[in-house]
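Raw contents of protein-v6.cif, mmCIF, C-alpha atoms:
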data_entry
#
loop_
_atom_site.label_atom_id
_atom_site.label_comp_id
_atom_site.auth_asym_id
_atom_site.auth_seq_id
_atom_site.Cartn_x
_atom_site.Cartn_y
_atom_site.Cartn_z
CA MET B 1 -8.28 -27.00 -12.43
CA SER B 2 -10.44 -28.03 -9.46
CA SER B 3 -9.65 -27.10 -5.88
CA ALA B 4 -10.97 -27.39 -2.36
CA PHE B 5 -12.23 -23.80 -2.55
CA SER B 6 -16.00 -23.72 -3.07
CA GLY B 7 -16.59 -19.98 -2.70
CA PHE B 8 -17.50 -17.62 0.11
CA PRO B 9 -20.79 -18.59 1.81
CA PRO B 10 -23.76 -16.19 1.70
CA GLU B 11 -23.22 -15.45 5.41
CA GLY B 12 -19.73 -14.13 4.64
CA LEU B 13 -20.87 -11.74 1.95
CA ARG B 14 -23.76 -10.59 4.15
CA PHE B 15 -21.25 -9.92 6.92
CA LEU B 16 -19.13 -7.72 4.63
CA ARG B 17 -22.20 -5.77 3.51
CA GLY B 18 -23.23 -5.28 7.13
CA LEU B 19 -19.74 -4.19 8.14
CA ALA B 20 -19.71 -1.55 5.41
CA ARG B 21 -22.89 -0.07 6.90
CA ASN B 22 -21.93 -0.55 10.58
CA ASN B 23 -18.19 0.03 10.76
CA ARG B 24 -17.86 0.32 14.51
CA ARG B 25 -16.59 -1.84 17.32
CA GLU B 26 -20.01 -2.27 18.96
CA TRP B 27 -21.30 -3.96 15.81
CA PHE B 28 -18.21 -6.02 14.96
CA GLN B 29 -17.25 -7.54 18.31
CA PRO B 30 -20.36 -9.67 18.93
CA ARG B 31 -20.19 -10.82 15.30
CA LYS B 32 -16.48 -11.63 15.26
CA PRO B 33 -17.14 -15.40 15.26
CA LEU B 34 -19.16 -14.93 12.06
CA PHE B 35 -16.21 -13.11 10.52
CA GLU B 36 -13.79 -15.87 11.50
CA GLU B 37 -15.99 -18.70 10.19
CA HIS B 38 -17.60 -17.22 7.08
CA VAL B 39 -15.04 -14.66 5.87
CA LYS B 40 -11.56 -15.47 7.14
CA GLN B 41 -11.76 -19.25 6.85
CA PRO B 42 -12.96 -19.17 3.22
CA MET B 43 -10.10 -16.79 2.42
CA ARG B 44 -7.70 -19.25 4.04
CA ARG B 45 -9.02 -21.99 1.76
CA LEU B 46 -8.59 -19.73 -1.27
CA VAL B 47 -4.99 -18.95 -0.29
CA GLU B 48 -4.26 -22.64 0.25
CA ALA B 49 -5.73 -23.54 -3.14
CA LEU B 50 -3.74 -20.83 -4.91
CA ASN B 51 -0.58 -21.89 -3.09
CA ALA B 52 -1.02 -25.45 -4.34
CA ALA B 53 -1.38 -24.30 -7.94
CA MET B 54 1.41 -21.70 -7.78
CA ARG B 55 3.95 -24.43 -7.04
CA ASN B 56 3.99 -24.99 -10.80
CA PHE B 57 4.80 -21.44 -11.91
CA ALA B 58 5.60 -19.21 -8.90
CA PRO B 59 6.99 -21.45 -6.13
CA GLU B 60 8.86 -18.60 -4.41
CA TYR B 61 5.56 -16.81 -3.79
CA LEU B 62 3.82 -19.51 -1.75
CA THR B 63 2.68 -17.85 1.47
CA ASP B 64 1.45 -19.13 4.81
CA PRO B 65 -2.25 -18.15 4.94
CA ASP B 66 -1.78 -16.58 8.37
CA LYS B 67 0.81 -14.25 6.84
CA ALA B 68 -0.89 -13.81 3.48
CA ILE B 69 -4.23 -12.58 4.83
CA TYR B 70 -4.31 -8.95 5.90
CA ARG B 71 -5.69 -7.96 9.28
CA ILE B 72 -9.27 -6.69 9.23
CA TYR B 73 -8.27 -3.86 11.59
CA ARG B 74 -7.38 -0.54 10.00
CA ASP B 75 -4.38 1.54 11.08
CA THR B 76 -6.08 4.85 11.83
CA ARG B 77 -3.13 6.66 13.42
CA PHE B 78 -2.39 8.87 10.43
CA SER B 79 -5.76 8.80 8.69
CA GLU B 80 -8.68 11.18 8.84
CA ASP B 81 -10.94 8.15 8.43
CA LYS B 82 -11.23 6.67 11.91
CA THR B 83 -13.47 3.72 11.06
CA PRO B 84 -11.81 0.76 12.79
CA TYR B 85 -12.28 -2.02 10.20
CA LYS B 86 -11.59 -2.63 6.54
CA ASP B 87 -14.70 -3.40 4.51
CA HIS B 88 -12.95 -6.21 2.60
CA ILE B 89 -10.68 -9.18 3.17
CA ALA B 90 -7.49 -9.45 1.17
CA ALA B 91 -4.40 -11.60 0.78
CA SER B 92 -1.02 -11.03 -0.83
CA PHE B 93 1.68 -13.38 -2.08
CA PRO B 94 5.12 -11.72 -1.84
CA CYS B 95 8.39 -13.26 -2.95
CA ARG B 96 9.87 -15.01 0.09
CA ARG B 97 13.44 -14.68 -1.18
CA LEU B 98 13.07 -10.90 -1.44
CA ALA B 99 11.39 -10.28 1.91
CA GLY B 100 11.89 -6.75 3.17
CA LEU B 101 12.71 -5.26 -0.24
CA GLY B 102 9.18 -4.30 -1.25
CA ALA B 103 9.30 -6.65 -4.23
CA ALA B 104 6.47 -7.27 -6.67
CA GLY B 105 3.84 -9.87 -5.75
CA TYR B 106 0.27 -11.06 -6.23
CA TYR B 107 -2.97 -9.84 -4.60
CA VAL B 108 -6.63 -10.84 -4.27
CA ALA B 109 -9.43 -9.18 -2.28
CA VAL B 110 -13.14 -9.70 -1.70
CA SER B 111 -15.71 -7.13 -0.61
CA HIS B 112 -19.45 -6.62 -0.95
CA LYS B 113 -18.71 -4.32 -3.92
CA GLU B 114 -16.21 -6.29 -6.01
CA VAL B 115 -13.59 -8.97 -6.31
CA ALA B 116 -10.17 -7.42 -6.91
CA ILE B 117 -7.24 -9.30 -8.45
CA GLY B 118 -3.88 -7.80 -9.22
CA GLY B 119 -0.15 -7.92 -9.02
CA GLY B 120 3.00 -5.90 -9.36
CA VAL B 121 4.58 -3.33 -7.09
CA TYR B 122 2.31 -0.84 -5.31
CA ARG B 123 4.35 1.44 -3.05
CA PRO B 124 8.01 0.61 -3.62
CA CYS B 125 10.70 2.31 -1.57
CA PRO B 126 12.97 4.66 -3.59
CA GLU B 127 15.78 2.09 -3.82
CA THR B 128 13.46 -0.63 -5.12
CA LEU B 129 11.80 1.69 -7.61
CA LEU B 130 15.18 2.88 -8.88
CA ALA B 131 16.36 -0.71 -9.38
CA MET B 132 13.19 -1.59 -11.30
CA ARG B 133 13.39 1.52 -13.45
CA GLY B 134 17.02 0.79 -14.28
CA HIS B 135 16.09 -2.75 -15.30
CA ILE B 136 13.24 -1.46 -17.47
CA ALA B 137 15.49 1.17 -19.06
CA ALA B 138 18.04 -1.48 -20.02
CA ARG B 139 15.51 -4.02 -21.28
CA HIS B 140 12.52 -1.93 -22.30
CA ALA B 141 11.73 -3.92 -25.46
CA GLU B 142 11.41 -7.11 -23.41
CA PHE B 143 9.27 -5.34 -20.82
CA ARG B 144 6.93 -4.00 -23.51
CA ARG B 145 6.48 -7.50 -24.91
CA LEU B 146 5.56 -8.79 -21.48
CA MET B 147 3.09 -6.03 -20.63
CA ARG B 148 1.47 -6.29 -24.07
CA SER B 149 1.13 -10.06 -24.03
CA ARG B 150 -2.22 -11.36 -25.19
CA GLY B 151 -3.01 -12.95 -21.83
CA LEU B 152 -2.38 -9.82 -19.77
CA ARG B 153 -4.29 -7.57 -22.15
CA ARG B 154 -7.25 -9.95 -22.23
CA LEU B 155 -7.40 -10.53 -18.48
CA PHE B 156 -6.42 -7.07 -17.21
CA GLY B 157 -6.14 -4.46 -19.93
CA GLU B 158 -3.37 -1.88 -19.77
CA LEU B 159 -0.54 -1.42 -17.28
CA ASP B 160 -1.78 0.60 -14.31
CA GLY B 161 -0.18 2.81 -11.65
CA GLU B 162 0.46 6.45 -10.74
CA GLN B 163 2.84 8.35 -12.99
CA LEU B 164 5.12 11.36 -12.82
CA SER B 165 4.58 14.23 -15.20
CA ARG B 166 8.14 13.91 -16.49
CA VAL B 167 10.98 11.41 -16.63
CA PRO B 168 12.60 10.99 -13.17
CA LYS B 169 16.05 12.33 -12.42
CA GLY B 170 18.89 10.12 -13.58
CA PHE B 171 17.22 9.15 -16.87
CA CYS B 172 17.33 11.00 -20.18
CA ALA B 173 14.12 12.78 -21.13
CA ASP B 174 14.34 11.26 -24.63
CA HIS B 175 15.00 7.72 -23.44
CA PRO B 176 13.05 5.21 -25.59
CA ALA B 177 11.40 3.95 -22.39
CA ALA B 178 10.54 7.43 -21.09
CA ASP B 179 6.82 6.60 -20.92
CA LEU B 180 7.57 3.54 -18.76
CA LEU B 181 10.08 5.25 -16.50
CA ARG B 182 7.50 7.82 -15.41
CA PHE B 183 5.52 5.13 -13.57
CA LYS B 184 5.73 5.25 -9.76
CA GLN B 185 3.94 1.90 -9.54
CA TYR B 186 3.84 -1.04 -11.93
CA LEU B 187 0.53 -2.85 -11.61
CA PHE B 188 -1.99 -5.00 -13.37
CA TYR B 189 -5.32 -4.78 -11.55
CA ILE B 190 -8.94 -5.56 -12.26
CA GLU B 191 -12.23 -5.44 -10.36
CA LEU B 192 -14.79 -8.16 -11.09
CA ALA B 193 -18.41 -8.60 -10.04
CA PRO B 194 -18.89 -9.38 -6.32
CA ASP B 195 -21.09 -12.40 -7.13
CA LEU B 196 -17.94 -14.19 -8.29
CA ALA B 197 -16.83 -14.53 -4.65
CA ALA B 198 -19.69 -16.93 -3.90
CA THR B 199 -18.53 -19.46 -6.51
CA PRO B 200 -15.53 -21.77 -7.09
CA ALA B 201 -14.82 -19.65 -10.18
CA LEU B 202 -13.14 -17.09 -7.93
CA TYR B 203 -10.24 -19.52 -7.64
CA THR B 204 -10.01 -20.18 -11.38
CA GLU B 205 -10.25 -16.48 -12.25
CA ALA B 206 -7.56 -15.54 -9.73
CA LEU B 207 -5.31 -18.40 -10.80
CA ALA B 208 -5.58 -17.54 -14.50
CA ARG B 209 -4.60 -13.95 -13.79
CA PHE B 210 -1.76 -14.91 -11.44
CA ARG B 211 -0.38 -17.24 -14.09
CA ALA B 212 -0.60 -14.56 -16.78
CA MET B 213 1.22 -12.07 -14.54
CA ALA B 214 4.08 -14.39 -13.57
CA PRO B 215 6.59 -13.28 -16.28
CA PHE B 216 5.78 -9.62 -15.52
CA ILE B 217 6.29 -10.13 -11.77
CA ASP B 218 9.54 -12.03 -12.33
CA PHE B 219 10.85 -9.27 -14.60
CA LEU B 220 10.22 -6.57 -11.98
CA ASN B 221 11.93 -8.61 -9.28
CA ALA B 222 14.96 -9.65 -11.35
CA PRO B 223 17.18 -6.69 -10.31
CA LEU B 224 16.25 -7.19 -6.65
CA ALA B 225 17.18 -10.86 -6.88
CA ARG B 226 20.59 -9.91 -8.26
CA GLN B 227 21.15 -7.47 -5.41
CA LYS B 228 20.11 -10.10 -2.88
CA THR B 229 22.85 -12.45 -4.07
CA LYS B 230 25.54 -9.87 -3.30
CA ILE B 231 25.96 -10.90 0.32
CA ASP B 232 28.25 -9.02 2.63
CA PRO B 233 30.80 -11.63 3.83
CA ARG B 234 30.28 -10.40 7.39
CA GLU B 235 26.71 -11.70 7.21
CA LEU B 236 28.06 -15.24 6.96
CA PHE B 237 29.41 -14.96 10.52
CA ALA B 238 26.60 -12.91 12.06
#
Give the structure from the file, written as structure tokens.
Amino acid sequence: MSSAFSGFPPEGLRFLRGLARNNRREWFQPRKPLFEEHVKQPMRRLVEALNAAMRNFAPEYLTDPDKAIYRIYRDTRFSEDKTPYKDHIAASFPCRRLAGLGAAGYYVAVSHKEVAIGGGVYRPCPETLLAMRGHIAARHAEFRRLMRSRGLRRLFGELDGEQLSRVPKGFCADHPAADLLRFKQYLFYIELAPDLAATPALYTEALARFRAMAPFIDFLNAPLARQKTKIDPRELFA
């Protein structure tokens, strides 16, 4: 499928390499126009192209580019690393209907080191993680079929994410889905060669992986969608 995205220009990739070596305000500020034109604008075009294609299989995840693209500025308040800027540009596509619940979504990022494409749930709040685990426990055979689908295995490999050393509280240690319930995150993620970013193939590679992940993403979000429909009647008159 063709799109208006033609790739990141050489100036954009050079900017990201330079930023990785010179991560300080004195270097970035005079070059901010270069960032806006050659890094942020190409990412906007990629988001717009993916949005157009996702209408066919993930319409609830279409995201305004201004909201999809992460800020280049790092939050250094609670980090030992005080470098002010991220060395990559990234965008995410969350489910609009489940805003504020930490639902699963899609992700793409470009740096001078790699192109990263992924999806799932990264740092869910305890309530969201519990809902997803409960859903997996009840329908673990279906979840295994999804995560072992030929497309996901070919395009990503195995399910990724941090795991507990034992089954979390509230679930039986001998549950048939014990290995799945130990996950703290449910992710499919891959890093590809950075040269991909300079070509239109970045769009096709991201789109193919987003499409393959769609049933997996929808499964994770199903219990959150059910909770969202249970509206407190008082909200109708708020």
Considering only C-alpha atoms, tabulate each residue of stretch 160-238 of chain B that lies at most 12 Å from stretch 82-95 of chain B along with its nearest interatomic pair and the corresponding distance in Å to one decimal; arrange the rows by chain and ascending residue number and present them as CSV.
residue,atom,partner,partner_atom,distance
B:Pro194,CA,B:His88,CA,11.2
B:Ala197,CA,B:Ile89,CA,11.3
B:Ala206,CA,B:Ala91,CA,11.7
B:Phe210,CA,B:Phe93,CA,10.1
B:Ala214,CA,B:Cys95,CA,11.5
B:Ile217,CA,B:Cys95,CA,9.6
B:Asp218,CA,B:Cys95,CA,9.5
B:Leu220,CA,B:Cys95,CA,11.4
B:Asn221,CA,B:Cys95,CA,8.6
B:Ala222,CA,B:Cys95,CA,11.3
B:Leu224,CA,B:Cys95,CA,10.6
B:Ala225,CA,B:Cys95,CA,9.9
Just C-alpha atoms for this one: save the residues we selected as a JSON list (two decimals), keeping the file's coordinate frame.
[["chain", "number", "residue", "atom", "x", "y", "z"],
["B", 194, "PRO", "CA", -18.89, -9.38, -6.32],
["B", 197, "ALA", "CA", -16.83, -14.53, -4.65],
["B", 206, "ALA", "CA", -7.56, -15.54, -9.73],
["B", 210, "PHE", "CA", -1.76, -14.91, -11.44],
["B", 214, "ALA", "CA", 4.08, -14.39, -13.57],
["B", 217, "ILE", "CA", 6.29, -10.13, -11.77],
["B", 218, "ASP", "CA", 9.54, -12.03, -12.33],
["B", 220, "LEU", "CA", 10.22, -6.57, -11.98],
["B", 221, "ASN", "CA", 11.93, -8.61, -9.28],
["B", 222, "ALA", "CA", 14.96, -9.65, -11.35],
["B", 224, "LEU", "CA", 16.25, -7.19, -6.65],
["B", 225, "ALA", "CA", 17.18, -10.86, -6.88]]
Q. Expanded to explicit residues, what is the PyMOL selection byres ((chain B and resi 50-65) around 12) for this file, as a PyMOL selection string?
A. chain B and resi 1-5+40-49+66-71+90-99+103-108+119+202-218+221+225
If you count all atoms listed in the file, which residues fall within 9 Å of B:Val167, apart from same-chain ones fewer than 3 positions away, as a short mmCIF file (atom, residue, chain, number, x, y, z; two decimals) with C-alpha atoms, in the frame of the given file?
data_model
loop_
_atom_site.label_atom_id
_atom_site.label_comp_id
_atom_site.auth_asym_id
_atom_site.auth_seq_id
_atom_site.Cartn_x
_atom_site.Cartn_y
_atom_site.Cartn_z
CA LEU B 164 5.12 11.36 -12.82
CA GLY B 170 18.89 10.12 -13.58
CA PHE B 171 17.22 9.15 -16.87
CA CYS B 172 17.33 11.00 -20.18
CA ALA B 173 14.12 12.78 -21.13
CA ASP B 174 14.34 11.26 -24.63
CA HIS B 175 15.00 7.72 -23.44
CA ALA B 178 10.54 7.43 -21.09
CA ASP B 179 6.82 6.60 -20.92
CA LEU B 180 7.57 3.54 -18.76
CA LEU B 181 10.08 5.25 -16.50
CA ARG B 182 7.50 7.82 -15.41
CA PHE B 183 5.52 5.13 -13.57
#
Q.
Just want the 8 Å neighbourhood of B:Glu114, counted on only C-alpha atoms, with same-chain residues fewer than 5 positions away dropped. Output as a VMD selection string.
A. chain B and resid 191 to 195
Q: Using the chain letters and residue numbers of this document, give as a list in words the residues selected by the PyMOL selection byres ((chain B and resi 132) around 8).
A: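 Output from the PyMOL selection byres ((chain B and resi 132) around 8), applied to this file: Thr128, Leu129, Leu130, Ala131, Arg133, Gly134, His135, Ile136, Leu220, Asn221, Pro223 and Leu224 of chain B.
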Q: List the neighbours of stretch 150-159 of chain B out to 6 Å using all atoms listed in the file; skip same-chain residues closer than 5 positions along the sequence, and give me the result as an MDAnalysis selection string.
A: chainID B and resid 187:188 190 212
Those same residues, written as a PDB file, keeping the file's coordinate frame with C-alpha atoms?
ATOM      1  CA  LEU B 187       0.530  -2.850 -11.610  1.00  0.00           C
ATOM      2  CA  PHE B 188      -1.990  -5.000 -13.370  1.00  0.00           C
ATOM      3  CA  ILE B 190      -8.940  -5.560 -12.260  1.00  0.00           C
ATOM      4  CA  ALA B 212      -0.600 -14.560 -16.780  1.00  0.00           C
TER       5      ALA B 212
END
Q: Specify as an MDAnalysis selection string each residue included when the PyMOL selection byres ((chain B and resi 28) around 12) is applied to this file.
A: chainID B and resid 15:16 18:27 29:36 72:73 83:87
Q. Suppose you want the space between atom CA of B:Glu162 and atom CA of B:Phe219; what is it in Å?
A.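 Distance between the two atoms: 19.2 Å.
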Q) So how many Å separate atom CA of B:Ala177 and atom CA of B:Gln163, to one decimal? A)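 Atom CA of B:Gln163 lies 13.5 Å from atom CA of B:Ala177.
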Report as lines of an AutoDock Vina configuration file the centre and the edge lengths, in Å to one decimal, of the axis-aligned box holding every listed atom of stretch 41-45 of chain B, padded by 8 Å on each side.
center_x = -10.3
center_y = -19.4
center_z = 4.3
size_x = 21.3
size_y = 21.2
size_z = 21.1
Q | Distance in Å - atom CA of B:Leu101 versus atom CA of B:Gly120 | A |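 Separating atom CA of B:Leu101 from atom CA of B:Gly120 is a distance of 13.3 Å.
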Once N, CA and C atoms are restored for stretch 64-75 of chain B, what would the output be as a CSV table (one decimal), in the coordinates of the input?
chain,number,residue,atom,x,y,z
B,64,ASP,N,2.3,-18.6,3.7
B,64,ASP,CA,1.4,-19.1,4.8
B,64,ASP,C,0.2,-18.3,4.9
B,65,PRO,N,-1.0,-18.9,4.9
B,65,PRO,CA,-2.2,-18.2,4.9
B,65,PRO,C,-2.3,-17.2,6.1
B,66,ASP,N,-1.8,-17.5,7.2
B,66,ASP,CA,-1.8,-16.6,8.4
B,66,ASP,C,-1.0,-15.3,8.1
B,67,LYS,N,0.0,-15.4,7.2
B,67,LYS,CA,0.8,-14.2,6.8
B,67,LYS,C,0.3,-13.6,5.6
B,68,ALA,N,-0.4,-14.4,4.7
B,68,ALA,CA,-0.9,-13.8,3.5
B,68,ALA,C,-2.1,-12.9,3.7
B,69,ILE,N,-3.0,-13.3,4.6
B,69,ILE,CA,-4.2,-12.6,4.8
B,69,ILE,C,-4.0,-11.3,5.7
B,70,TYR,N,-4.5,-10.2,5.2
B,70,TYR,CA,-4.3,-9.0,5.9
B,70,TYR,C,-5.3,-8.9,7.1
B,71,ARG,N,-4.8,-8.2,8.1
B,71,ARG,CA,-5.7,-8.0,9.3
B,71,ARG,C,-6.9,-7.1,8.9
B,72,ILE,N,-8.0,-7.4,9.5
B,72,ILE,CA,-9.3,-6.7,9.2
B,72,ILE,C,-9.2,-5.3,9.9
B,73,TYR,N,-8.3,-5.1,10.8
B,73,TYR,CA,-8.3,-3.9,11.6
B,73,TYR,C,-7.5,-2.8,10.8
B,74,ARG,N,-8.0,-1.6,10.7
B,74,ARG,CA,-7.4,-0.5,10.0
B,74,ARG,C,-6.4,0.2,10.9
B,75,ASP,N,-5.3,0.7,10.4
B,75,ASP,CA,-4.4,1.5,11.1
B,75,ASP,C,-4.9,3.0,10.9
